[in-house]
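J.: Let me begin by handing over the structure; questions about it come next.
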Amino acid sequence: VRPSDDAIREELNADDRYGDHKFGGEEVLYAQDAMPHVSLRFADVIGPRDGTGRFVTYYAWIKFHGLKSVPNIAVPKDITEATSITYVEDAAQSILLAMDESNRDGWNASYNIACEEVFNVTSQIISIGHLIGNHKISPSKIRDLDLHVYPSVTKGPIEVTQAKNILGFLPTPQEVALSRTIRWYDEWYKNNGEFRKEVVEELISILDEMNDYDSD
């Protein structure tokens with residue numbers, strides 16, 4: 001819900017134009033009566049075939065962490081720690097539920113879709129390290145670091161109770177989502193030469209970014 005105060009509303013819009021535009025799309029749908037609709041609000045999506053390149057950054061950095069030339073994994077000092085993630089299979093599940101005729105009483109509404117657990121960026125980097133087999137991960141927090149992967153959604157964790165109660169949404173436990181994602185990345189790394197090349201290129205870009213930061 002947008003605030004009624006115009007000044008506050010514009011301040012929030014200026015701070016998050018992406019969210020403003022998403023709200024604007026929903027408002028267009030709510031303003032018309034001709035077409036039933038459902039708006040699904042995802043957090044950062046993780047899972048196989050992630051096209052954003054976010055997860056592969058941490059995957060590459062953690063996988064080769066400990067090699068002499070690879071710096072300690074780091075996050076910005078002012079990072080938003082508490083956020084949410086959406087597992088890609090849950091995104092697909094929610095789309096099918098939203099289109100299901102038996103859920104028509106839940107149409108013309110908006111729903112948050114994510115894992116129920118809070119995604120704490122620093123602690124989950126450590127968890128990803130354990131899943132990959134690297135148990136010596138201890139992320140540093142660095143002031144003014146431009147290398148920022150998660151979260152792209154910075155307003156805190158989202159609540160999915162309404163999607164569960166009305167659509168029948170069943171969120172995947174976060175640890176399961178991370179484990180399945182890592183397993184897919186490991187298999188893809190082992191069996192796909194193009195992906196191995198992508199991981200190495202991502203690692204090189206991380207090294208370049210960190211070297212640039214050190215030289216500043």
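Starting from 1 in every chain, residues are counted up; chains themselves are A, B, ... following the order of the structure tokens, and ligands are numbered from 1 as listed.
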List as a PDB file with all heavy atoms, in the first residue's frame the protein and nucleic acid residues near segment 196-203 of chain A, meaning an atom at most 12 Å away when only C-alpha atoms are counted, but skip any in the same chain fewer than 2 places from it.

T.:
ATOM      1  N   GLY A  53      23.217 -13.951 -13.070  1.00  0.00           N
ATOM      2  CA  GLY A  53      24.649 -14.031 -12.777  1.00  0.00           C
ATOM      3  C   GLY A  53      24.988 -13.759 -11.331  1.00  0.00           C
ATOM      4  O   GLY A  53      26.164 -13.746 -10.967  1.00  0.00           O
ATOM      5  N   ARG A  54      23.964 -13.565 -10.463  1.00  0.00           N
ATOM      6  CA  ARG A  54      24.254 -13.243  -9.066  1.00  0.00           C
ATOM      7  C   ARG A  54      24.839 -14.453  -8.331  1.00  0.00           C
ATOM      8  O   ARG A  54      25.873 -14.344  -7.687  1.00  0.00           O
ATOM      9  CB  ARG A  54      22.979 -12.767  -8.360  1.00  0.00           C
ATOM     10  CG  ARG A  54      22.426 -11.462  -8.877  1.00  0.00           C
ATOM     11  CD  ARG A  54      21.301 -10.964  -7.977  1.00  0.00           C
ATOM     12  NE  ARG A  54      20.612  -9.826  -8.571  1.00  0.00           N
ATOM     13  CZ  ARG A  54      19.394  -9.865  -9.062  1.00  0.00           C
ATOM     14  NH1 ARG A  54      18.688 -10.970  -9.010  1.00  0.00           N
ATOM     15  NH2 ARG A  54      18.843  -8.790  -9.593  1.00  0.00           N
ATOM     16  N   PHE A  55      24.152 -15.585  -8.439  1.00  0.00           N
ATOM     17  CA  PHE A  55      24.573 -16.737  -7.652  1.00  0.00           C
ATOM     18  C   PHE A  55      25.933 -17.252  -8.102  1.00  0.00           C
ATOM     19  O   PHE A  55      26.745 -17.695  -7.284  1.00  0.00           O
ATOM     20  CB  PHE A  55      23.528 -17.851  -7.737  1.00  0.00           C
ATOM     21  CG  PHE A  55      23.668 -18.884  -6.650  1.00  0.00           C
ATOM     22  CD1 PHE A  55      23.052 -18.700  -5.423  1.00  0.00           C
ATOM     23  CD2 PHE A  55      24.423 -20.031  -6.839  1.00  0.00           C
ATOM     24  CE1 PHE A  55      23.183 -19.637  -4.412  1.00  0.00           C
ATOM     25  CE2 PHE A  55      24.559 -20.970  -5.825  1.00  0.00           C
ATOM     26  CZ  PHE A  55      23.938 -20.773  -4.613  1.00  0.00           C
ATOM     27  N   VAL A  56      26.201 -17.180  -9.409  1.00  0.00           N
ATOM     28  CA  VAL A  56      27.468 -17.715  -9.907  1.00  0.00           C
ATOM     29  C   VAL A  56      28.647 -16.917  -9.371  1.00  0.00           C
ATOM     30  O   VAL A  56      29.767 -17.451  -9.245  1.00  0.00           O
ATOM     31  CB  VAL A  56      27.477 -17.757 -11.462  1.00  0.00           C
ATOM     32  CG1 VAL A  56      27.667 -16.369 -12.052  1.00  0.00           C
ATOM     33  CG2 VAL A  56      28.559 -18.714 -11.967  1.00  0.00           C
ATOM     34  N   THR A  57      28.433 -15.661  -9.002  1.00  0.00           N
ATOM     35  CA  THR A  57      29.516 -14.870  -8.407  1.00  0.00           C
ATOM     36  C   THR A  57      29.973 -15.492  -7.101  1.00  0.00           C
ATOM     37  O   THR A  57      31.170 -15.726  -6.892  1.00  0.00           O
ATOM     38  CB  THR A  57      29.047 -13.417  -8.154  1.00  0.00           C
ATOM     39  OG1 THR A  57      28.711 -12.820  -9.408  1.00  0.00           O
ATOM     40  CG2 THR A  57      30.143 -12.600  -7.477  1.00  0.00           C
ATOM     41  N   TYR A  58      29.019 -15.770  -6.204  1.00  0.00           N
ATOM     42  CA  TYR A  58      29.382 -16.403  -4.937  1.00  0.00           C
ATOM     43  C   TYR A  58      29.872 -17.830  -5.155  1.00  0.00           C
ATOM     44  O   TYR A  58      30.792 -18.293  -4.479  1.00  0.00           O
ATOM     45  CB  TYR A  58      28.197 -16.401  -3.986  1.00  0.00           C
ATOM     46  CG  TYR A  58      27.937 -15.062  -3.327  1.00  0.00           C
ATOM     47  CD1 TYR A  58      26.647 -14.641  -3.040  1.00  0.00           C
ATOM     48  CD2 TYR A  58      28.985 -14.216  -2.984  1.00  0.00           C
ATOM     49  CE1 TYR A  58      26.411 -13.414  -2.442  1.00  0.00           C
ATOM     50  CE2 TYR A  58      28.764 -12.992  -2.386  1.00  0.00           C
ATOM     51  CZ  TYR A  58      27.476 -12.596  -2.123  1.00  0.00           C
ATOM     52  OH  TYR A  58      27.246 -11.382  -1.539  1.00  0.00           O
ATOM     53  N   TYR A  59      29.256 -18.535  -6.117  1.00  0.00           N
ATOM     54  CA  TYR A  59      29.665 -19.909  -6.386  1.00  0.00           C
ATOM     55  C   TYR A  59      31.137 -19.948  -6.786  1.00  0.00           C
ATOM     56  O   TYR A  59      31.920 -20.750  -6.255  1.00  0.00           O
ATOM     57  CB  TYR A  59      28.789 -20.512  -7.487  1.00  0.00           C
ATOM     58  CG  TYR A  59      29.133 -21.946  -7.825  1.00  0.00           C
ATOM     59  CD1 TYR A  59      28.658 -22.992  -7.047  1.00  0.00           C
ATOM     60  CD2 TYR A  59      29.941 -22.251  -8.913  1.00  0.00           C
ATOM     61  CE1 TYR A  59      28.971 -24.312  -7.349  1.00  0.00           C
ATOM     62  CE2 TYR A  59      30.262 -23.560  -9.225  1.00  0.00           C
ATOM     63  CZ  TYR A  59      29.779 -24.584  -8.441  1.00  0.00           C
ATOM     64  OH  TYR A  59      30.104 -25.883  -8.737  1.00  0.00           O
ATOM     65  N   ALA A  60      31.523 -19.081  -7.716  1.00  0.00           N
ATOM     66  CA  ALA A  60      32.917 -19.065  -8.186  1.00  0.00           C
ATOM     67  C   ALA A  60      33.867 -18.667  -7.065  1.00  0.00           C
ATOM     68  O   ALA A  60      34.914 -19.301  -6.870  1.00  0.00           O
ATOM     69  CB  ALA A  60      33.054 -18.089  -9.357  1.00  0.00           C
ATOM     70  N   TRP A  61      33.500 -17.637  -6.319  1.00  0.00           N
ATOM     71  CA  TRP A  61      34.383 -17.120  -5.269  1.00  0.00           C
ATOM     72  C   TRP A  61      34.565 -18.151  -4.158  1.00  0.00           C
ATOM     73  O   TRP A  61      35.672 -18.387  -3.675  1.00  0.00           O
ATOM     74  CB  TRP A  61      33.793 -15.831  -4.702  1.00  0.00           C
ATOM     75  CG  TRP A  61      34.782 -14.903  -4.062  1.00  0.00           C
ATOM     76  CD1 TRP A  61      36.058 -15.184  -3.677  1.00  0.00           C
ATOM     77  CD2 TRP A  61      34.565 -13.536  -3.729  1.00  0.00           C
ATOM     78  NE1 TRP A  61      36.653 -14.074  -3.117  1.00  0.00           N
ATOM     79  CE2 TRP A  61      35.759 -13.037  -3.143  1.00  0.00           C
ATOM     80  CE3 TRP A  61      33.473 -12.676  -3.870  1.00  0.00           C
ATOM     81  CZ2 TRP A  61      35.876 -11.730  -2.694  1.00  0.00           C
ATOM     82  CZ3 TRP A  61      33.593 -11.370  -3.429  1.00  0.00           C
ATOM     83  CH2 TRP A  61      34.785 -10.904  -2.847  1.00  0.00           C
ATOM     84  N   ILE A  62      33.470 -18.795  -3.759  1.00  0.00           N
ATOM     85  CA  ILE A  62      33.542 -19.781  -2.677  1.00  0.00           C
ATOM     86  C   ILE A  62      34.239 -21.054  -3.143  1.00  0.00           C
ATOM     87  O   ILE A  62      35.030 -21.649  -2.409  1.00  0.00           O
ATOM     88  CB  ILE A  62      32.132 -20.085  -2.137  1.00  0.00           C
ATOM     89  CG1 ILE A  62      31.553 -18.837  -1.461  1.00  0.00           C
ATOM     90  CG2 ILE A  62      32.163 -21.253  -1.159  1.00  0.00           C
ATOM     91  CD1 ILE A  62      30.077 -18.962  -1.110  1.00  0.00           C
ATOM     92  N   LYS A  63      33.959 -21.481  -4.380  1.00  0.00           N
ATOM     93  CA  LYS A  63      34.534 -22.726  -4.889  1.00  0.00           C
ATOM     94  C   LYS A  63      36.059 -22.670  -4.908  1.00  0.00           C
ATOM     95  O   LYS A  63      36.728 -23.658  -4.592  1.00  0.00           O
ATOM     96  CB  LYS A  63      34.005 -23.020  -6.297  1.00  0.00           C
ATOM     97  CG  LYS A  63      34.403 -24.389  -6.838  1.00  0.00           C
ATOM     98  CD  LYS A  63      33.697 -24.663  -8.150  1.00  0.00           C
ATOM     99  CE  LYS A  63      33.983 -26.079  -8.635  1.00  0.00           C
ATOM    100  NZ  LYS A  63      33.430 -27.120  -7.738  1.00  0.00           N
ATOM    101  N   PHE A  64      36.610 -21.495  -5.246  1.00  0.00           N
ATOM    102  CA  PHE A  64      38.061 -21.377  -5.354  1.00  0.00           C
ATOM    103  C   PHE A  64      38.667 -20.612  -4.184  1.00  0.00           C
ATOM    104  O   PHE A  64      39.853 -20.266  -4.211  1.00  0.00           O
ATOM    105  CB  PHE A  64      38.436 -20.697  -6.685  1.00  0.00           C
ATOM    106  CG  PHE A  64      38.057 -21.519  -7.882  1.00  0.00           C
ATOM    107  CD1 PHE A  64      36.939 -21.207  -8.633  1.00  0.00           C
ATOM    108  CD2 PHE A  64      38.803 -22.620  -8.238  1.00  0.00           C
ATOM    109  CE1 PHE A  64      36.577 -21.976  -9.732  1.00  0.00           C
ATOM    110  CE2 PHE A  64      38.462 -23.398  -9.336  1.00  0.00           C
ATOM    111  CZ  PHE A  64      37.340 -23.070 -10.084  1.00  0.00           C
ATOM    112  N   HIS A  65      37.871 -20.384  -3.173  1.00  0.00           N
ATOM    113  CA  HIS A  65      38.353 -19.697  -1.972  1.00  0.00           C
ATOM    114  C   HIS A  65      39.443 -20.548  -1.308  1.00  0.00           C
ATOM    115  O   HIS A  65      39.292 -21.760  -1.160  1.00  0.00           O
ATOM    116  CB  HIS A  65      37.192 -19.485  -0.996  1.00  0.00           C
ATOM    117  CG  HIS A  65      37.510 -18.569   0.135  1.00  0.00           C
ATOM    118  ND1 HIS A  65      38.075 -19.000   1.309  1.00  0.00           N
ATOM    119  CD2 HIS A  65      37.351 -17.233   0.271  1.00  0.00           C
ATOM    120  CE1 HIS A  65      38.230 -17.979   2.126  1.00  0.00           C
ATOM    121  NE2 HIS A  65      37.807 -16.889   1.517  1.00  0.00           N
ATOM    122  N   LEU A  67      42.571 -20.598  -2.573  1.00  0.00           N
ATOM    123  CA  LEU A  67      43.718 -20.550  -3.483  1.00  0.00           C
ATOM    124  C   LEU A  67      44.521 -19.274  -3.207  1.00  0.00           C
ATOM    125  O   LEU A  67      43.968 -18.246  -2.814  1.00  0.00           O
ATOM    126  CB  LEU A  67      43.244 -20.566  -4.937  1.00  0.00           C
ATOM    127  CG  LEU A  67      42.526 -21.837  -5.408  1.00  0.00           C
ATOM    128  CD1 LEU A  67      42.169 -21.713  -6.887  1.00  0.00           C
ATOM    129  CD2 LEU A  67      43.381 -23.077  -5.178  1.00  0.00           C
ATOM    130  N   SER A  69      45.864 -16.885  -4.874  1.00  0.00           N
ATOM    131  CA  SER A  69      45.575 -15.611  -5.544  1.00  0.00           C
ATOM    132  C   SER A  69      44.148 -15.109  -5.310  1.00  0.00           C
ATOM    133  O   SER A  69      43.797 -14.011  -5.745  1.00  0.00           O
ATOM    134  CB  SER A  69      45.810 -15.746  -7.050  1.00  0.00           C
ATOM    135  OG  SER A  69      44.977 -16.759  -7.587  1.00  0.00           O
ATOM    136  N   VAL A  70      43.325 -15.919  -4.621  1.00  0.00           N
ATOM    137  CA  VAL A  70      41.913 -15.549  -4.431  1.00  0.00           C
ATOM    138  C   VAL A  70      41.744 -14.854  -3.083  1.00  0.00           C
ATOM    139  O   VAL A  70      42.029 -15.446  -2.037  1.00  0.00           O
ATOM    140  CB  VAL A  70      41.006 -16.797  -4.502  1.00  0.00           C
ATOM    141  CG1 VAL A  70      39.547 -16.404  -4.255  1.00  0.00           C
ATOM    142  CG2 VAL A  70      41.150 -17.464  -5.869  1.00  0.00           C
ATOM    143  N   PRO A  71      41.268 -13.609  -3.073  1.00  0.00           N
ATOM    144  CA  PRO A  71      41.117 -12.877  -1.806  1.00  0.00           C
ATOM    145  C   PRO A  71      39.968 -13.436  -0.975  1.00  0.00           C
ATOM    146  O   PRO A  71      39.099 -14.147  -1.489  1.00  0.00           O
ATOM    147  CB  PRO A  71      40.806 -11.449  -2.258  1.00  0.00           C
ATOM    148  CG  PRO A  71      40.164 -11.616  -3.601  1.00  0.00           C
ATOM    149  CD  PRO A  71      40.851 -12.801  -4.228  1.00  0.00           C
ATOM    150  N   ILE A  73      36.540 -13.759   0.734  1.00  0.00           N
ATOM    151  CA  ILE A  73      35.234 -13.307   0.265  1.00  0.00           C
ATOM    152  C   ILE A  73      34.762 -12.141   1.120  1.00  0.00           C
ATOM    153  O   ILE A  73      34.981 -12.115   2.337  1.00  0.00           O
ATOM    154  CB  ILE A  73      34.212 -14.468   0.275  1.00  0.00           C
ATOM    155  CG1 ILE A  73      32.950 -14.081  -0.490  1.00  0.00           C
ATOM    156  CG2 ILE A  73      33.880 -14.913   1.691  1.00  0.00           C
ATOM    157  CD1 ILE A  73      32.078 -15.265  -0.834  1.00  0.00           C
ATOM    158  N   LEU A 147      31.433  -4.395  -5.198  1.00  0.00           N
ATOM    159  CA  LEU A 147      31.061  -5.757  -5.591  1.00  0.00           C
ATOM    160  C   LEU A 147      29.895  -6.217  -4.730  1.00  0.00           C
ATOM    161  O   LEU A 147      30.075  -6.715  -3.621  1.00  0.00           O
ATOM    162  CB  LEU A 147      32.259  -6.695  -5.431  1.00  0.00           C
ATOM    163  CG  LEU A 147      32.083  -8.119  -5.974  1.00  0.00           C
ATOM    164  CD1 LEU A 147      31.809  -8.085  -7.465  1.00  0.00           C
ATOM    165  CD2 LEU A 147      33.306  -8.956  -5.677  1.00  0.00           C
ATOM    166  N   TYR A 185      24.516 -26.637  -9.718  1.00  0.00           N
ATOM    167  CA  TYR A 185      25.706 -25.920 -10.178  1.00  0.00           C
ATOM    168  C   TYR A 185      26.915 -26.853 -10.226  1.00  0.00           C
ATOM    169  O   TYR A 185      27.733 -26.778 -11.158  1.00  0.00           O
ATOM    170  CB  TYR A 185      25.993 -24.726  -9.268  1.00  0.00           C
ATOM    171  CG  TYR A 185      25.297 -23.452  -9.697  1.00  0.00           C
ATOM    172  CD1 TYR A 185      23.960 -23.261  -9.421  1.00  0.00           C
ATOM    173  CD2 TYR A 185      25.979 -22.457 -10.393  1.00  0.00           C
ATOM    174  CE1 TYR A 185      23.301 -22.097  -9.814  1.00  0.00           C
ATOM    175  CE2 TYR A 185      25.339 -21.294 -10.794  1.00  0.00           C
ATOM    176  CZ  TYR A 185      24.005 -21.123 -10.504  1.00  0.00           C
ATOM    177  OH  TYR A 185      23.356 -19.980 -10.912  1.00  0.00           O
ATOM    178  N   ASP A 186      27.061 -27.726  -9.232  1.00  0.00           N
ATOM    179  CA  ASP A 186      28.192 -28.664  -9.233  1.00  0.00           C
ATOM    180  C   ASP A 186      28.125 -29.613 -10.428  1.00  0.00           C
ATOM    181  O   ASP A 186      29.141 -29.878 -11.083  1.00  0.00           O
ATOM    182  CB  ASP A 186      28.202 -29.477  -7.930  1.00  0.00           C
ATOM    183  CG  ASP A 186      28.786 -28.708  -6.757  1.00  0.00           C
ATOM    184  OD1 ASP A 186      29.488 -27.707  -6.984  1.00  0.00           O
ATOM    185  OD2 ASP A 186      28.537 -29.126  -5.606  1.00  0.00           O
ATOM    186  N   GLU A 187      26.926 -30.128 -10.704  1.00  0.00           N
ATOM    187  CA  GLU A 187      26.764 -31.036 -11.843  1.00  0.00           C
ATOM    188  C   GLU A 187      27.016 -30.299 -13.150  1.00  0.00           C
ATOM    189  O   GLU A 187      27.663 -30.825 -14.058  1.00  0.00           O
ATOM    190  CB  GLU A 187      25.347 -31.637 -11.839  1.00  0.00           C
ATOM    191  CG  GLU A 187      25.143 -32.742 -10.824  1.00  0.00           C
ATOM    192  CD  GLU A 187      26.029 -33.948 -11.093  1.00  0.00           C
ATOM    193  OE1 GLU A 187      26.083 -34.399 -12.259  1.00  0.00           O
ATOM    194  OE2 GLU A 187      26.681 -34.432 -10.150  1.00  0.00           O
ATOM    195  N   TRP A 188      26.518 -29.097 -13.267  1.00  0.00           N
ATOM    196  CA  TRP A 188      26.685 -28.302 -14.483  1.00  0.00           C
ATOM    197  C   TRP A 188      28.151 -27.937 -14.685  1.00  0.00           C
ATOM    198  O   TRP A 188      28.656 -27.950 -15.805  1.00  0.00           O
ATOM    199  CB  TRP A 188      25.809 -27.059 -14.379  1.00  0.00           C
ATOM    200  CG  TRP A 188      25.452 -26.394 -15.692  1.00  0.00           C
ATOM    201  CD1 TRP A 188      25.665 -25.096 -16.029  1.00  0.00           C
ATOM    202  CD2 TRP A 188      24.798 -26.985 -16.819  1.00  0.00           C
ATOM    203  NE1 TRP A 188      25.194 -24.839 -17.294  1.00  0.00           N
ATOM    204  CE2 TRP A 188      24.661 -25.979 -17.810  1.00  0.00           C
ATOM    205  CE3 TRP A 188      24.336 -28.276 -17.090  1.00  0.00           C
ATOM    206  CZ2 TRP A 188      24.068 -26.213 -19.042  1.00  0.00           C
ATOM    207  CZ3 TRP A 188      23.740 -28.509 -18.321  1.00  0.00           C
ATOM    208  CH2 TRP A 188      23.616 -27.494 -19.279  1.00  0.00           C
ATOM    209  N   TYR A 189      28.847 -27.630 -13.577  1.00  0.00           N
ATOM    210  CA  TYR A 189      30.274 -27.306 -13.657  1.00  0.00           C
ATOM    211  C   TYR A 189      31.064 -28.533 -14.142  1.00  0.00           C
ATOM    212  O   TYR A 189      31.994 -28.410 -14.947  1.00  0.00           O
ATOM    213  CB  TYR A 189      30.784 -26.857 -12.294  1.00  0.00           C
ATOM    214  CG  TYR A 189      32.240 -26.453 -12.295  1.00  0.00           C
ATOM    215  CD1 TYR A 189      32.622 -25.158 -12.662  1.00  0.00           C
ATOM    216  CD2 TYR A 189      33.234 -27.359 -11.935  1.00  0.00           C
ATOM    217  CE1 TYR A 189      33.961 -24.786 -12.680  1.00  0.00           C
ATOM    218  CE2 TYR A 189      34.571 -26.989 -11.953  1.00  0.00           C
ATOM    219  CZ  TYR A 189      34.923 -25.711 -12.322  1.00  0.00           C
ATOM    220  OH  TYR A 189      36.248 -25.351 -12.351  1.00  0.00           O
ATOM    221  N   LYS A 190      30.686 -29.700 -13.662  1.00  0.00           N
ATOM    222  CA  LYS A 190      31.404 -30.931 -14.013  1.00  0.00           C
ATOM    223  C   LYS A 190      31.170 -31.330 -15.472  1.00  0.00           C
ATOM    224  O   LYS A 190      32.087 -31.828 -16.143  1.00  0.00           O
ATOM    225  CB  LYS A 190      30.956 -32.067 -13.086  1.00  0.00           C
ATOM    226  CG  LYS A 190      31.657 -33.400 -13.344  1.00  0.00           C
ATOM    227  CD  LYS A 190      31.311 -34.403 -12.268  1.00  0.00           C
ATOM    228  CE  LYS A 190      29.858 -34.815 -12.310  1.00  0.00           C
ATOM    229  NZ  LYS A 190      29.536 -35.879 -11.331  1.00  0.00           N
ATOM    230  N   ASN A 191      29.965 -31.080 -15.974  1.00  0.00           N
ATOM    231  CA  ASN A 191      29.564 -31.643 -17.260  1.00  0.00           C
ATOM    232  C   ASN A 191      29.489 -30.639 -18.412  1.00  0.00           C
ATOM    233  O   ASN A 191      29.294 -31.051 -19.557  1.00  0.00           O
ATOM    234  CB  ASN A 191      28.190 -32.324 -17.133  1.00  0.00           C
ATOM    235  CG  ASN A 191      28.219 -33.497 -16.171  1.00  0.00           C
ATOM    236  OD1 ASN A 191      29.156 -34.288 -16.197  1.00  0.00           O
ATOM    237  ND2 ASN A 191      27.207 -33.614 -15.328  1.00  0.00           N
ATOM    238  N   ASN A 192      29.632 -29.344 -18.127  1.00  0.00           N
ATOM    239  CA  ASN A 192      29.434 -28.355 -19.167  1.00  0.00           C
ATOM    240  C   ASN A 192      30.644 -27.432 -19.270  1.00  0.00           C
ATOM    241  O   ASN A 192      30.910 -26.629 -18.366  1.00  0.00           O
ATOM    242  CB  ASN A 192      28.164 -27.543 -18.883  1.00  0.00           C
ATOM    243  CG  ASN A 192      27.794 -26.610 -20.016  1.00  0.00           C
ATOM    244  OD1 ASN A 192      28.422 -25.588 -20.213  1.00  0.00           O
ATOM    245  ND2 ASN A 192      26.770 -26.976 -20.771  1.00  0.00           N
ATOM    246  N   GLY A 193      31.382 -27.550 -20.357  1.00  0.00           N
ATOM    247  CA  GLY A 193      32.593 -26.761 -20.535  1.00  0.00           C
ATOM    248  C   GLY A 193      32.328 -25.266 -20.607  1.00  0.00           C
ATOM    249  O   GLY A 193      33.115 -24.458 -20.104  1.00  0.00           O
ATOM    250  N   GLU A 194      31.209 -24.887 -21.226  1.00  0.00           N
ATOM    251  CA  GLU A 194      30.886 -23.468 -21.320  1.00  0.00           C
ATOM    252  C   GLU A 194      30.622 -22.868 -19.941  1.00  0.00           C
ATOM    253  O   GLU A 194      31.006 -21.723 -19.666  1.00  0.00           O
ATOM    254  CB  GLU A 194      29.656 -23.266 -22.216  1.00  0.00           C
ATOM    255  CG  GLU A 194      29.943 -23.380 -23.695  1.00  0.00           C
ATOM    256  CD  GLU A 194      30.960 -22.352 -24.166  1.00  0.00           C
ATOM    257  OE1 GLU A 194      30.817 -21.158 -23.823  1.00  0.00           O
ATOM    258  OE2 GLU A 194      31.913 -22.747 -24.870  1.00  0.00           O
ATOM    259  N   SER A 205      36.857 -11.740 -12.968  1.00  0.00           N
ATOM    260  CA  SER A 205      36.252 -10.420 -12.767  1.00  0.00           C
ATOM    261  C   SER A 205      36.247 -10.044 -11.287  1.00  0.00           C
ATOM    262  O   SER A 205      36.412  -8.872 -10.932  1.00  0.00           O
ATOM    263  CB  SER A 205      34.827 -10.393 -13.337  1.00  0.00           C
ATOM    264  OG  SER A 205      33.926 -11.124 -12.534  1.00  0.00           O
ATOM    265  N   ILE A 206      36.067 -11.039 -10.408  1.00  0.00           N
ATOM    266  CA  ILE A 206      36.138 -10.789  -8.964  1.00  0.00           C
ATOM    267  C   ILE A 206      37.543 -10.343  -8.577  1.00  0.00           C
ATOM    268  O   ILE A 206      37.725  -9.369  -7.831  1.00  0.00           O
ATOM    269  CB  ILE A 206      35.738 -12.052  -8.174  1.00  0.00           C
ATOM    270  CG1 ILE A 206      34.256 -12.363  -8.358  1.00  0.00           C
ATOM    271  CG2 ILE A 206      36.065 -11.888  -6.682  1.00  0.00           C
ATOM    272  CD1 ILE A 206      33.845 -13.741  -7.859  1.00  0.00           C
ATOM    273  N   LEU A 207      38.553 -11.044  -9.093  1.00  0.00           N
ATOM    274  CA  LEU A 207      39.943 -10.682  -8.792  1.00  0.00           C
ATOM    275  C   LEU A 207      40.247  -9.264  -9.269  1.00  0.00           C
ATOM    276  O   LEU A 207      40.886  -8.478  -8.558  1.00  0.00           O
ATOM    277  CB  LEU A 207      40.895 -11.683  -9.450  1.00  0.00           C
ATOM    278  CG  LEU A 207      40.816 -13.127  -8.950  1.00  0.00           C
ATOM    279  CD1 LEU A 207      41.752 -14.016  -9.760  1.00  0.00           C
ATOM    280  CD2 LEU A 207      41.150 -13.216  -7.479  1.00  0.00           C
ATOM    281  N   ASP A 208      39.755  -8.932 -10.477  1.00  0.00           N
ATOM    282  CA  ASP A 208      39.977  -7.589 -11.005  1.00  0.00           C
ATOM    283  C   ASP A 208      39.300  -6.544 -10.118  1.00  0.00           C
ATOM    284  O   ASP A 208      39.883  -5.492  -9.820  1.00  0.00           O
ATOM    285  CB  ASP A 208      39.437  -7.480 -12.431  1.00  0.00           C
ATOM    286  CG  ASP A 208      40.270  -8.253 -13.436  1.00  0.00           C
ATOM    287  OD1 ASP A 208      41.430  -8.588 -13.110  1.00  0.00           O
ATOM    288  OD2 ASP A 208      39.769  -8.523 -14.540  1.00  0.00           O
ATOM    289  N   GLU A 209      38.070  -6.835  -9.703  1.00  0.00           N
ATOM    290  CA  GLU A 209      37.321  -5.900  -8.868  1.00  0.00           C
ATOM    291  C   GLU A 209      38.026  -5.677  -7.535  1.00  0.00           C
ATOM    292  O   GLU A 209      38.167  -4.542  -7.065  1.00  0.00           O
ATOM    293  CB  GLU A 209      35.912  -6.446  -8.623  1.00  0.00           C
ATOM    294  CG  GLU A 209      35.004  -5.522  -7.840  1.00  0.00           C
ATOM    295  CD  GLU A 209      34.463  -4.373  -8.674  1.00  0.00           C
ATOM    296  OE1 GLU A 209      34.280  -4.579  -9.898  1.00  0.00           O
ATOM    297  OE2 GLU A 209      34.257  -3.299  -8.108  1.00  0.00           O
ATOM    298  N   MET A 210      38.487  -6.762  -6.919  1.00  0.00           N
ATOM    299  CA  MET A 210      39.152  -6.641  -5.625  1.00  0.00           C
ATOM    300  C   MET A 210      40.517  -5.975  -5.755  1.00  0.00           C
ATOM    301  O   MET A 210      40.927  -5.212  -4.885  1.00  0.00           O
ATOM    302  CB  MET A 210      39.296  -8.023  -4.976  1.00  0.00           C
ATOM    303  CG  MET A 210      37.951  -8.675  -4.625  1.00  0.00           C
ATOM    304  SD  MET A 210      36.935  -7.675  -3.512  1.00  0.00           S
ATOM    305  CE  MET A 210      37.876  -7.794  -1.998  1.00  0.00           C
TER     306      MET A 210
END

J.: Just asking: which residues within segment 34-127 of chain A are strand (DSSP E) according to DSSP, as JSON, numbers by chain?

T.: {"A": [38, 39, 40, 41, 42, 44, 45, 46, 74, 75, 76, 82, 83, 85, 86, 87, 109, 110, 111, 112, 113, 119, 120]}

J.: Keeping only C-alpha atoms, write the selected residues to a file as a CSV table (one decimal), in the first residue's frame.

T.:
chain,number,residue,atom,x,y,z
A,38,VAL,CA,-2.8,-12.0,-9.9
A,39,SER,CA,0.4,-10.2,-9.1
A,40,LEU,CA,3.2,-12.3,-7.7
A,41,ARG,CA,6.0,-10.5,-5.9
A,42,PHE,CA,9.3,-12.4,-5.9
A,44,ASP,CA,15.8,-12.4,-5.4
A,45,VAL,CA,15.3,-15.7,-7.3
A,46,ILE,CA,17.9,-18.5,-6.9
A,74,ALA,CA,33.8,-9.9,1.2
A,75,VAL,CA,30.5,-8.0,1.3
A,76,PRO,CA,29.8,-4.3,1.6
A,82,ALA,CA,18.1,-9.6,6.5
A,83,THR,CA,16.2,-10.3,3.3
A,85,ILE,CA,15.1,-15.3,-1.5
A,86,THR,CA,12.6,-17.0,-3.9
A,87,TYR,CA,13.5,-20.5,-5.1
A,109,ALA,CA,-4.8,-9.7,-5.5
A,110,SER,CA,-1.1,-9.5,-4.9
A,111,TYR,CA,1.0,-12.2,-3.2
A,112,ASN,CA,4.6,-12.3,-1.9
A,113,ILE,CA,6.4,-15.5,-3.0
A,119,PHE,CA,18.0,-14.9,4.3
A,120,ASN,CA,20.9,-13.5,6.2

J.: I'd like the contact shell of Ile182 of chain A - 8 Å cut-off, only C-alpha atoms, skipping same-chain residues fewer than 2 positions apart - returned as a list in words.

T.: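 Residues near the query, excluding close chain neighbours: Ile128, Leu131, Ile132, Leu178, Ser179, Arg180, Trp184, Tyr185 and Asp186 of chain A.
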
J.: So that I can see what lies close to Arg2 of chain A, please list as a PyMOL selection string the residues with an atom at most 12 Å from it, counting only C-alpha atoms and leaving out residues fewer than 3 positions away in the same chain.

T.: chain A and resi 5-13+19-20+22-24+26-27
